[in-house]
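Engineer: Mind looking over this structure? Questions follow.
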Amino acid sequence: MHSVTKNNRKIYGTTSSRLAVIEALLQSGPMSRSALAEETKLGRSALTEISDALLQAGLLLEVAVVRNSPGKGRPSTLLSVNPERGYFVGVDVGENPMLMVLTNLAGDIVSQYQIPEKNDPQKIADAIRRGIKHLVSPKESSSKKILGLGIALSGVVAHDTGVCIHSSALGWHDVPIAGIVTQATGIPTYVDNDANAAAIAEKLFGKAREARNFSVVTLGARIGCAHYVRGRLYRGNDGGAGEISHITVAPGGDLCPCGKRGCLNMLAASEEILEKAKAAKLPGTSVRSIEVLATKGNPHAIAILRAAGEALGFAVASVIQVNNPELVLFEDIAGFDSGLFTVTARQTIENNILPRFLSSTRLFFHHVEPTFLARGAASVAAHKFLFEQATR
């Protein structure tokens with residue numbers, strides 16, 4: 001029988017306990033059994049039972065023996081997640097170009113590949129099947145066993161069934177994309193909203209490891225948002241939580257592909273910023289070039305970036321007022337860096353939230369690599385695999 005608490009109600013060795021052990025090691029790195037027991041609030045006997053089972057399953061490793069000082073004290077063996085237990089493919093179909101990555105169980109990117117931009121689900125599935133051969137060579141196929149495949153896309157997703165309910169960016173409605181890709185590749189496939197994928201990656205492997213209540217905002221061709229509440233991803237009633245890209249920030253403004261007018265995407269997404277720059281006959285084909293023009297005093301560049309930053313700031317200020325996160329991570333995919341857009345967004349947020357939130361909410365803007373969302377997609381597959389392993 002598994003160990004129990006004093007009141008005989010909570011049984012150790014449950015799925016949640018096993019997940020707690022795995023997540024603690026992913027978030028904190030190698031730990032001693034005593035430190036792991038303290039971190040997970042598990043009794044020593046329960047922790048020993050769980051860790052032994054996870055070691056036997058190959059999910060954990062016993063690693064480096066350390067001593068406090070040479071020749072003194074008992075050695076301590078550390079436990080760590082086994083990064084080579086399996087590999088995961090991640091595919092980002094929301095940004096241009098579409099990228100694929102191969103990661104290990106620790107979230108490290110092993111290889112990457114760019115696939116042709118497509119919109120038809122079956123053609124995307126076929127491109128993914130061909131792309132896998134570029135991620136894993138025939139010589140490596142036996143040593144790099146692929147355990148799952150994750151897809152990140154912009155839109156509302158039923159992650160439990162693998163169906164894209166709606167994506168205005170892709171023009172998809174009720175597309176069973178996970179099933180289509182599984183049939184094409186033979187690999188278990190999972191799909192999620194791209195911002196959710198980014199949040200999962202940040203929680204498991206990134207800058208939100210220690211945070212329990214945080215939001216992630218992706219700044220790319222489109223604006224995305226996802227929330228962790230009490231240590232778990234919050235999806236809402238039908239998977240649509242976090243859709244700040246379609247918050248109305250300019251009533252009566254430009255028509256969004258979603259059918260509404262004045263959505264945040266139509267002001268703050270990089271694609272729309274570049275469209276406005278083109279209409280103003282500004283040179284350059286990247287938001288970085290528009291930022292450079294702004295530093296040189298170009299009035300059109302300044303106006304476009306300020307309007308975009310203010311729109312984002314107002315939307316995120318509302319998120320902070322509603323959710324009260326401890327951290328908001330801004331994932332800069334487009335390349336804004338610390339220019340006028342970022343500065344304006346931060347100032348707008350700080351000027352439009354209650355004073356008590358100023359000291360309790362960290363705002364962190366950082367540039368991420370083009371592979372960021374694809375890595376997040378692989379994290380979705382890895383998280384699903386770990387959950388399934390923990391239920392056994």
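Following the order of the structure tokens, first chain is A, next is B, and so on, with residues numbered from 1 inside each chain and ligands from 1 in the order they appear.
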Got a sec: who's within 9 Å of Gly29 of chain A, counting only C-alpha atoms, leaving out chain neighbours fewer than 4 positions off, as a count of residues only?
Structural biologist: 5
Engineer: Within 8 Å of segment 82-104 of chain A, which residues of segment 188-237 of chain A show up? Give each one with its shortest atom-to-atom distance in Å (one decimal) and the two atoms involved, counting only C-alpha atoms, rows by chain then rising residue number, as JSON lines.
Structural biologist:
```
{"residue": "A:Asp194", "atom": "CA", "partner": "A:Gly94", "partner_atom": "CA", "distance": 7.4}
{"residue": "A:Gly220", "atom": "CA", "partner": "A:Glu95", "partner_atom": "CA", "distance": 7.5}
{"residue": "A:Ala221", "atom": "CA", "partner": "A:Glu95", "partner_atom": "CA", "distance": 6.3}
```
Engineer: Next, the residues of the selection above should be written as a tab-separated table (two decimals), in the first residue's frame with N, CA and C atoms.
Structural biologist:
```tsv
chain	number	residue	atom	x	y	z
A	194	ASP	N	-0.84	28.49	-29.81
A	194	ASP	CA	0.59	28.78	-29.75
A	194	ASP	C	1.00	29.49	-28.45
A	220	GLY	N	4.27	38.55	-32.10
A	220	GLY	CA	4.75	38.08	-33.39
A	220	GLY	C	3.83	38.55	-34.50
A	221	ALA	N	3.68	37.72	-35.51
A	221	ALA	CA	2.78	38.05	-36.61
A	221	ALA	C	1.38	38.33	-36.09
```
Engineer: Fewer than 3 positions away in the same chain doesn't count, so skip those; otherwise give me all residues within 8 Å of segment 318-332 of chain A, counting only C-alpha atoms, as a PyMOL selection string.
Structural biologist: chain A and resi 211-220+314-315+335-337+353-354+357+360-368
Engineer: Could you save those same residues with N, CA and C atoms as a PDB file, in the first residue's frame?
Structural biologist:
```
ATOM      1  N   ALA A 211       7.139  30.310 -10.926  1.00  0.00           N
ATOM      2  CA  ALA A 211       5.896  31.088 -10.819  1.00  0.00           C
ATOM      3  C   ALA A 211       4.684  30.163 -10.828  1.00  0.00           C
ATOM      4  N   ARG A 212       3.684  30.508 -10.041  1.00  0.00           N
ATOM      5  CA  ARG A 212       2.437  29.737 -10.027  1.00  0.00           C
ATOM      6  C   ARG A 212       1.304  30.480 -10.743  1.00  0.00           C
ATOM      7  N   ASN A 213       1.355  31.817 -10.704  1.00  0.00           N
ATOM      8  CA  ASN A 213       0.334  32.624 -11.367  1.00  0.00           C
ATOM      9  C   ASN A 213       1.024  33.601 -12.313  1.00  0.00           C
ATOM     10  N   PHE A 214       0.963  33.311 -13.603  1.00  0.00           N
ATOM     11  CA  PHE A 214       1.641  34.183 -14.564  1.00  0.00           C
ATOM     12  C   PHE A 214       0.915  34.157 -15.901  1.00  0.00           C
ATOM     13  N   SER A 215       1.208  35.162 -16.716  1.00  0.00           N
ATOM     14  CA  SER A 215       0.663  35.243 -18.069  1.00  0.00           C
ATOM     15  C   SER A 215       1.817  35.357 -19.051  1.00  0.00           C
ATOM     16  N   VAL A 216       1.626  34.783 -20.224  1.00  0.00           N
ATOM     17  CA  VAL A 216       2.586  34.889 -21.320  1.00  0.00           C
ATOM     18  C   VAL A 216       1.915  35.626 -22.470  1.00  0.00           C
ATOM     19  N   VAL A 217       2.587  36.619 -23.019  1.00  0.00           N
ATOM     20  CA  VAL A 217       2.081  37.356 -24.174  1.00  0.00           C
ATOM     21  C   VAL A 217       3.091  37.195 -25.306  1.00  0.00           C
ATOM     22  N   THR A 218       2.649  36.617 -26.417  1.00  0.00           N
ATOM     23  CA  THR A 218       3.545  36.426 -27.560  1.00  0.00           C
ATOM     24  C   THR A 218       3.381  37.578 -28.538  1.00  0.00           C
ATOM     25  N   LEU A 219       4.496  38.165 -28.935  1.00  0.00           N
ATOM     26  CA  LEU A 219       4.505  39.312 -29.834  1.00  0.00           C
ATOM     27  C   LEU A 219       5.124  38.887 -31.154  1.00  0.00           C
ATOM     28  N   GLY A 220       4.269  38.550 -32.096  1.00  0.00           N
ATOM     29  CA  GLY A 220       4.746  38.083 -33.390  1.00  0.00           C
ATOM     30  C   GLY A 220       3.832  38.551 -34.496  1.00  0.00           C
ATOM     31  N   PHE A 314      -2.959  48.744 -22.928  1.00  0.00           N
ATOM     32  CA  PHE A 314      -4.315  48.782 -22.381  1.00  0.00           C
ATOM     33  C   PHE A 314      -4.880  47.369 -22.215  1.00  0.00           C
ATOM     34  N   ALA A 315      -4.631  46.509 -23.214  1.00  0.00           N
ATOM     35  CA  ALA A 315      -5.149  45.143 -23.146  1.00  0.00           C
ATOM     36  C   ALA A 315      -4.512  44.365 -21.997  1.00  0.00           C
ATOM     37  N   GLY A 335      10.987  40.971 -32.960  1.00  0.00           N
ATOM     38  CA  GLY A 335      12.234  41.736 -32.947  1.00  0.00           C
ATOM     39  C   GLY A 335      12.066  43.196 -32.558  1.00  0.00           C
ATOM     40  N   PHE A 336      11.100  43.480 -31.663  1.00  0.00           N
ATOM     41  CA  PHE A 336      10.919  44.855 -31.197  1.00  0.00           C
ATOM     42  C   PHE A 336      12.082  45.307 -30.320  1.00  0.00           C
ATOM     43  N   ASP A 337      12.683  44.353 -29.608  1.00  0.00           N
ATOM     44  CA  ASP A 337      13.744  44.644 -28.646  1.00  0.00           C
ATOM     45  C   ASP A 337      13.234  45.664 -27.610  1.00  0.00           C
ATOM     46  N   ILE A 353      -2.955  50.446 -14.270  1.00  0.00           N
ATOM     47  CA  ILE A 353      -3.298  49.430 -13.288  1.00  0.00           C
ATOM     48  C   ILE A 353      -3.301  50.068 -11.904  1.00  0.00           C
ATOM     49  N   LEU A 354      -3.996  49.453 -10.975  1.00  0.00           N
ATOM     50  CA  LEU A 354      -4.041  49.986  -9.622  1.00  0.00           C
ATOM     51  C   LEU A 354      -2.643  50.054  -9.031  1.00  0.00           C
ATOM     52  N   PHE A 357      -0.803  46.968  -7.717  1.00  0.00           N
ATOM     53  CA  PHE A 357      -0.301  45.959  -8.644  1.00  0.00           C
ATOM     54  C   PHE A 357       1.098  46.298  -9.159  1.00  0.00           C
ATOM     55  N   SER A 360       3.650  44.353  -7.187  1.00  0.00           N
ATOM     56  CA  SER A 360       3.452  42.902  -7.087  1.00  0.00           C
ATOM     57  C   SER A 360       3.443  42.194  -8.437  1.00  0.00           C
ATOM     58  N   THR A 361       3.534  42.965  -9.523  1.00  0.00           N
ATOM     59  CA  THR A 361       3.488  42.363 -10.859  1.00  0.00           C
ATOM     60  C   THR A 361       4.779  42.671 -11.609  1.00  0.00           C
ATOM     61  N   ARG A 362       5.512  41.617 -11.947  1.00  0.00           N
ATOM     62  CA  ARG A 362       6.745  41.797 -12.724  1.00  0.00           C
ATOM     63  C   ARG A 362       6.415  41.754 -14.216  1.00  0.00           C
ATOM     64  N   LEU A 363       6.915  42.731 -14.955  1.00  0.00           N
ATOM     65  CA  LEU A 363       6.779  42.768 -16.411  1.00  0.00           C
ATOM     66  C   LEU A 363       8.141  42.458 -17.010  1.00  0.00           C
ATOM     67  N   PHE A 364       8.205  41.406 -17.813  1.00  0.00           N
ATOM     68  CA  PHE A 364       9.504  40.992 -18.345  1.00  0.00           C
ATOM     69  C   PHE A 364       9.403  40.831 -19.860  1.00  0.00           C
ATOM     70  N   PHE A 365      10.059  41.753 -20.584  1.00  0.00           N
ATOM     71  CA  PHE A 365      10.118  41.681 -22.043  1.00  0.00           C
ATOM     72  C   PHE A 365      11.437  41.022 -22.433  1.00  0.00           C
ATOM     73  N   HIS A 366      11.380  40.022 -23.294  1.00  0.00           N
ATOM     74  CA  HIS A 366      12.646  39.449 -23.768  1.00  0.00           C
ATOM     75  C   HIS A 366      12.494  38.895 -25.179  1.00  0.00           C
ATOM     76  N   HIS A 367      13.571  39.032 -25.930  1.00  0.00           N
ATOM     77  CA  HIS A 367      13.600  38.515 -27.305  1.00  0.00           C
ATOM     78  C   HIS A 367      13.778  37.012 -27.276  1.00  0.00           C
ATOM     79  N   VAL A 368      13.053  36.297 -28.121  1.00  0.00           N
ATOM     80  CA  VAL A 368      13.191  34.855 -28.208  1.00  0.00           C
ATOM     81  C   VAL A 368      13.588  34.468 -29.629  1.00  0.00           C
TER      82      VAL A 368
END
```
Engineer: May I ask for the distance between atom CA of Gln389 of chain A and atom CA of Tyr228 of chain A, given in Å to one decimal place?
Structural biologist: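 We find that atom CA of Gln389 of chain A and atom CA of Tyr228 of chain A lie 22.3 Å from each other.
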Engineer: Tell me, as a PDB file with C-alpha atoms, in the first residue's frame, which residues lie within 12 Å of Ala158 of chain A, counting only C-alpha atoms; anything in the same chain fewer than 2 positions away does not count.
Structural biologist:
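Written out: out00.pdb:
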```pdb
ATOM      1  CA  LEU A 153      -1.147  27.353 -34.003  1.00  0.00           C
ATOM      2  CA  GLY A 155      -6.652  29.991 -32.731  1.00  0.00           C
ATOM      3  CA  VAL A 156      -9.053  28.171 -30.432  1.00  0.00           C
ATOM      4  CA  ASP A 160      -8.116  16.912 -25.702  1.00  0.00           C
ATOM      5  CA  THR A 161      -9.454  15.925 -29.139  1.00  0.00           C
ATOM      6  CA  GLY A 162      -6.766  17.573 -31.270  1.00  0.00           C
ATOM      7  CA  VAL A 163      -9.253  19.697 -33.200  1.00  0.00           C
ATOM      8  CA  CYS A 164      -8.682  23.289 -34.254  1.00  0.00           C
ATOM      9  CA  ILE A 165     -12.110  24.744 -33.536  1.00  0.00           C
ATOM     10  CA  HIS A 166     -11.376  28.065 -35.198  1.00  0.00           C
ATOM     11  CA  SER A 167      -8.335  29.901 -36.517  1.00  0.00           C
ATOM     12  CA  HIS A 173     -12.950  25.630 -38.729  1.00  0.00           C
ATOM     13  CA  ASP A 174     -13.299  22.294 -36.913  1.00  0.00           C
ATOM     14  CA  VAL A 175     -10.145  20.823 -38.459  1.00  0.00           C
ATOM     15  CA  PRO A 176      -8.973  17.561 -36.766  1.00  0.00           C
ATOM     16  CA  ILE A 177      -5.358  18.482 -37.392  1.00  0.00           C
ATOM     17  CA  ALA A 178      -3.864  16.163 -34.748  1.00  0.00           C
ATOM     18  CA  TYR A 190      -1.125  16.856 -29.922  1.00  0.00           C
ATOM     19  CA  VAL A 191      -2.196  20.374 -30.813  1.00  0.00           C
ATOM     20  CA  ASP A 192      -2.540  23.535 -28.782  1.00  0.00           C
ATOM     21  CA  ASN A 193      -2.857  27.272 -29.124  1.00  0.00           C
ATOM     22  CA  ASN A 196      -0.513  28.014 -24.506  1.00  0.00           C
ATOM     23  CA  ARG A 235      -7.932  27.092 -20.636  1.00  0.00           C
ATOM     24  CA  GLY A 236     -11.372  28.508 -19.882  1.00  0.00           C
ATOM     25  CA  ASN A 237     -14.674  26.850 -20.715  1.00  0.00           C
ATOM     26  CA  ASP A 238     -13.850  25.550 -24.202  1.00  0.00           C
ATOM     27  CA  GLY A 239     -10.147  26.301 -24.687  1.00  0.00           C
ATOM     28  CA  GLY A 240     -10.486  29.956 -25.635  1.00  0.00           C
ATOM     29  CA  ALA A 241      -8.984  31.628 -22.548  1.00  0.00           C
TER      30      ALA A 241
END
```
Engineer: Please return as a compact mmCIF listing (two decimals) with N, CA and C atoms, in the first residue's frame: the residues of segment 139-336 of chain A that backbone DSSP assigns to helix (DSSP H, G or I).
Structural biologist:
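For reference, selection.txt as written:
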```
# COMPACT_ATOMS: atom_id res chain seq x y z
N LYS A 139 20.53 6.93 -39.50
CA LYS A 139 21.49 6.35 -38.56
C LYS A 139 21.09 6.63 -37.11
N GLU A 140 20.35 7.72 -36.90
CA GLU A 140 19.97 8.11 -35.53
C GLU A 140 18.59 7.58 -35.13
N ILE A 177 -6.74 18.45 -36.92
CA ILE A 177 -5.36 18.48 -37.39
C ILE A 177 -4.47 17.43 -36.71
N ALA A 178 -4.69 17.17 -35.43
CA ALA A 178 -3.86 16.16 -34.75
C ALA A 178 -4.05 14.79 -35.38
N GLY A 179 -5.29 14.43 -35.68
CA GLY A 179 -5.56 13.14 -36.32
C GLY A 179 -4.97 13.06 -37.71
N ILE A 180 -5.05 14.15 -38.46
CA ILE A 180 -4.50 14.17 -39.82
C ILE A 180 -2.99 13.96 -39.79
N VAL A 181 -2.31 14.64 -38.86
CA VAL A 181 -0.85 14.52 -38.77
C VAL A 181 -0.45 13.15 -38.22
N THR A 182 -1.20 12.63 -37.26
CA THR A 182 -0.90 11.30 -36.74
C THR A 182 -0.99 10.26 -37.85
N GLN A 183 -2.01 10.36 -38.69
CA GLN A 183 -2.17 9.42 -39.79
C GLN A 183 -1.03 9.53 -40.79
N ALA A 184 -0.55 10.76 -41.02
CA ALA A 184 0.52 10.96 -41.99
C ALA A 184 1.87 10.50 -41.47
N THR A 185 2.11 10.66 -40.17
CA THR A 185 3.45 10.41 -39.61
C THR A 185 3.54 9.12 -38.80
N ASP A 194 -0.84 28.49 -29.81
CA ASP A 194 0.59 28.78 -29.75
C ASP A 194 1.00 29.49 -28.45
N ALA A 195 0.13 30.35 -27.92
CA ALA A 195 0.46 31.02 -26.65
C ALA A 195 0.44 30.02 -25.50
N ASN A 196 -0.50 29.07 -25.52
CA ASN A 196 -0.51 28.01 -24.51
C ASN A 196 0.78 27.20 -24.57
N ALA A 197 1.21 26.89 -25.79
CA ALA A 197 2.46 26.14 -25.96
C ALA A 197 3.63 26.92 -25.40
N ALA A 198 3.66 28.23 -25.64
CA ALA A 198 4.73 29.07 -25.10
C ALA A 198 4.71 29.07 -23.58
N ALA A 199 3.51 29.13 -23.00
CA ALA A 199 3.39 29.14 -21.54
C ALA A 199 3.87 27.82 -20.94
N ILE A 200 3.51 26.70 -21.57
CA ILE A 200 3.95 25.39 -21.09
C ILE A 200 5.47 25.30 -21.13
N ALA A 201 6.07 25.78 -22.22
CA ALA A 201 7.53 25.75 -22.34
C ALA A 201 8.19 26.61 -21.27
N GLU A 202 7.62 27.79 -21.00
CA GLU A 202 8.21 28.66 -19.98
C GLU A 202 8.06 28.05 -18.58
N LYS A 203 6.96 27.34 -18.35
CA LYS A 203 6.75 26.73 -17.05
C LYS A 203 7.67 25.53 -16.84
N LEU A 204 7.82 24.70 -17.86
CA LEU A 204 8.64 23.50 -17.72
C LEU A 204 10.13 23.79 -17.80
N PHE A 205 10.52 24.65 -18.76
CA PHE A 205 11.94 24.79 -19.07
C PHE A 205 12.46 26.22 -19.05
N ILE A 244 -6.55 37.66 -26.03
CA ILE A 244 -6.52 39.13 -25.97
C ILE A 244 -6.32 39.74 -27.36
N SER A 245 -5.88 38.93 -28.32
CA SER A 245 -5.67 39.46 -29.67
C SER A 245 -6.96 39.99 -30.28
N HIS A 246 -8.09 39.52 -29.76
CA HIS A 246 -9.37 39.97 -30.31
C HIS A 246 -10.16 40.82 -29.32
N ASN A 265 -5.06 42.77 -32.48
CA ASN A 265 -4.21 42.30 -33.58
C ASN A 265 -4.06 43.33 -34.68
N MET A 266 -5.10 44.10 -34.94
CA MET A 266 -5.08 45.05 -36.05
C MET A 266 -4.23 46.29 -35.76
N LEU A 267 -3.75 46.41 -34.52
CA LEU A 267 -2.88 47.53 -34.16
C LEU A 267 -1.49 47.08 -33.73
N ALA A 268 -1.41 45.97 -32.98
CA ALA A 268 -0.14 45.62 -32.32
C ALA A 268 0.59 44.43 -32.91
N SER A 270 2.77 42.30 -35.51
CA SER A 270 3.85 42.79 -36.39
C SER A 270 3.39 42.88 -37.85
N GLU A 271 2.55 41.94 -38.29
CA GLU A 271 2.07 41.98 -39.68
C GLU A 271 1.33 43.29 -39.96
N GLU A 272 0.49 43.71 -39.00
CA GLU A 272 -0.30 44.94 -39.20
C GLU A 272 0.56 46.19 -39.07
N ILE A 273 1.56 46.14 -38.18
CA ILE A 273 2.49 47.27 -38.07
C ILE A 273 3.22 47.49 -39.39
N LEU A 274 3.65 46.39 -40.00
CA LEU A 274 4.36 46.50 -41.28
C LEU A 274 3.42 46.96 -42.40
N GLU A 275 2.16 46.54 -42.34
CA GLU A 275 1.19 47.01 -43.34
C GLU A 275 0.98 48.52 -43.23
N LYS A 276 0.90 49.01 -42.00
CA LYS A 276 0.71 50.45 -41.79
C LYS A 276 1.96 51.23 -42.22
N ALA A 277 3.13 50.63 -41.96
CA ALA A 277 4.38 51.27 -42.40
C ALA A 277 4.45 51.34 -43.92
N LYS A 278 4.00 50.27 -44.56
CA LYS A 278 3.98 50.24 -46.03
C LYS A 278 3.03 51.28 -46.59
N ALA A 279 1.85 51.42 -45.94
CA ALA A 279 0.88 52.42 -46.39
C ALA A 279 1.41 53.83 -46.23
N VAL A 287 9.99 45.04 -38.20
CA VAL A 287 9.64 45.99 -37.15
C VAL A 287 10.90 46.65 -36.59
N ARG A 288 12.02 45.93 -36.68
CA ARG A 288 13.28 46.51 -36.22
C ARG A 288 13.62 47.75 -37.05
N SER A 289 13.39 47.68 -38.36
CA SER A 289 13.68 48.84 -39.22
C SER A 289 12.75 50.00 -38.91
N ILE A 290 11.49 49.71 -38.54
CA ILE A 290 10.56 50.77 -38.16
C ILE A 290 11.00 51.40 -36.84
N GLU A 291 11.49 50.58 -35.92
CA GLU A 291 12.02 51.10 -34.65
C GLU A 291 13.22 52.02 -34.90
N VAL A 292 14.07 51.67 -35.83
CA VAL A 292 15.24 52.50 -36.15
C VAL A 292 14.78 53.85 -36.69
N LEU A 293 13.77 53.82 -37.58
CA LEU A 293 13.25 55.08 -38.11
C LEU A 293 12.68 55.96 -37.01
N ALA A 294 12.04 55.32 -36.03
CA ALA A 294 11.46 56.08 -34.90
C ALA A 294 12.56 56.78 -34.11
N THR A 295 13.68 56.10 -33.90
CA THR A 295 14.78 56.72 -33.15
C THR A 295 15.36 57.91 -33.90
N PRO A 299 8.11 60.81 -37.99
CA PRO A 299 6.82 60.96 -37.31
C PRO A 299 5.86 59.80 -37.58
N HIS A 300 5.89 59.25 -38.80
CA HIS A 300 4.99 58.14 -39.12
C HIS A 300 5.38 56.89 -38.33
N ALA A 301 6.67 56.60 -38.26
CA ALA A 301 7.13 55.44 -37.49
C ALA A 301 6.78 55.60 -36.01
N ILE A 302 6.98 56.79 -35.49
CA ILE A 302 6.67 57.06 -34.07
C ILE A 302 5.18 56.86 -33.81
N ALA A 303 4.33 57.37 -34.69
CA ALA A 303 2.89 57.28 -34.50
C ALA A 303 2.42 55.81 -34.55
N ILE A 304 2.95 55.05 -35.50
CA ILE A 304 2.55 53.65 -35.65
C ILE A 304 2.95 52.84 -34.42
N LEU A 305 4.19 53.01 -33.98
CA LEU A 305 4.69 52.23 -32.84
C LEU A 305 4.02 52.64 -31.53
N ARG A 306 3.77 53.94 -31.37
CA ARG A 306 3.10 54.39 -30.15
C ARG A 306 1.68 53.86 -30.07
N ALA A 307 0.96 53.91 -31.19
CA ALA A 307 -0.41 53.40 -31.21
C ALA A 307 -0.43 51.90 -30.90
N ALA A 308 0.54 51.17 -31.45
CA ALA A 308 0.62 49.73 -31.22
C ALA A 308 0.95 49.42 -29.77
N GLY A 309 1.93 50.14 -29.22
CA GLY A 309 2.33 49.92 -27.84
C GLY A 309 1.22 50.27 -26.85
N GLU A 310 0.51 51.36 -27.12
CA GLU A 310 -0.60 51.75 -26.24
C GLU A 310 -1.72 50.72 -26.28
N ALA A 311 -2.04 50.22 -27.47
CA ALA A 311 -3.09 49.21 -27.59
C ALA A 311 -2.74 47.96 -26.80
N LEU A 312 -1.50 47.50 -26.94
CA LEU A 312 -1.06 46.32 -26.19
C LEU A 312 -1.10 46.61 -24.69
N GLY A 313 -0.63 47.79 -24.30
CA GLY A 313 -0.60 48.15 -22.89
C GLY A 313 -1.96 48.17 -22.25
N PHE A 314 -2.96 48.74 -22.93
CA PHE A 314 -4.31 48.78 -22.38
C PHE A 314 -4.88 47.37 -22.21
N ALA A 315 -4.63 46.51 -23.21
CA ALA A 315 -5.15 45.14 -23.15
C ALA A 315 -4.51 44.37 -22.00
N VAL A 316 -3.18 44.48 -21.85
CA VAL A 316 -2.49 43.74 -20.79
C VAL A 316 -2.83 44.31 -19.42
N ALA A 317 -3.03 45.62 -19.33
CA ALA A 317 -3.46 46.22 -18.06
C ALA A 317 -4.77 45.60 -17.60
N SER A 318 -5.68 45.35 -18.53
CA SER A 318 -6.95 44.71 -18.18
C SER A 318 -6.71 43.28 -17.69
N VAL A 319 -5.79 42.56 -18.34
CA VAL A 319 -5.46 41.20 -17.91
C VAL A 319 -4.94 41.20 -16.47
N ILE A 320 -4.07 42.15 -16.17
CA ILE A 320 -3.50 42.24 -14.81
C ILE A 320 -4.60 42.56 -13.80
N GLN A 321 -5.49 43.47 -14.15
CA GLN A 321 -6.58 43.82 -13.23
C GLN A 321 -7.49 42.62 -12.96
N VAL A 322 -7.70 41.78 -13.96
CA VAL A 322 -8.62 40.64 -13.82
C VAL A 322 -7.95 39.45 -13.15
N ASN A 323 -6.72 39.12 -13.58
CA ASN A 323 -6.07 37.87 -13.12
C ASN A 323 -5.08 38.06 -11.97
```
Engineer: Quote the spacing between atom CA of Gly150 of chain A and atom CA of Lys384 of chain A in Å to one decimal place.
Structural biologist: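 Taking atom CA of Gly150 of chain A as the start and atom CA of Lys384 of chain A as the end point, the length is 9.4 Å.
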Engineer: Give me, as a PDB file with C-alpha atoms, in the first residue's frame, all polymer residues having an atom no more than 9 Å from Ala127 of chain A, counting only C-alpha atoms and skipping those fewer than 6 positions away in the same chain.
Structural biologist:
```pdb
ATOM      1  CA  ILE A 115       9.101  23.564 -44.001  1.00  0.00           C
ATOM      2  CA  PRO A 116       7.348  25.317 -46.895  1.00  0.00           C
ATOM      3  CA  LYS A 118       1.188  25.956 -46.487  1.00  0.00           C
TER       4      LYS A 118
END
```
Engineer: Which distance in Å separates atom CA of Gln27 of chain A and atom CA of Arg346 of chain A, to one decimal?
Structural biologist: 27.8 Å
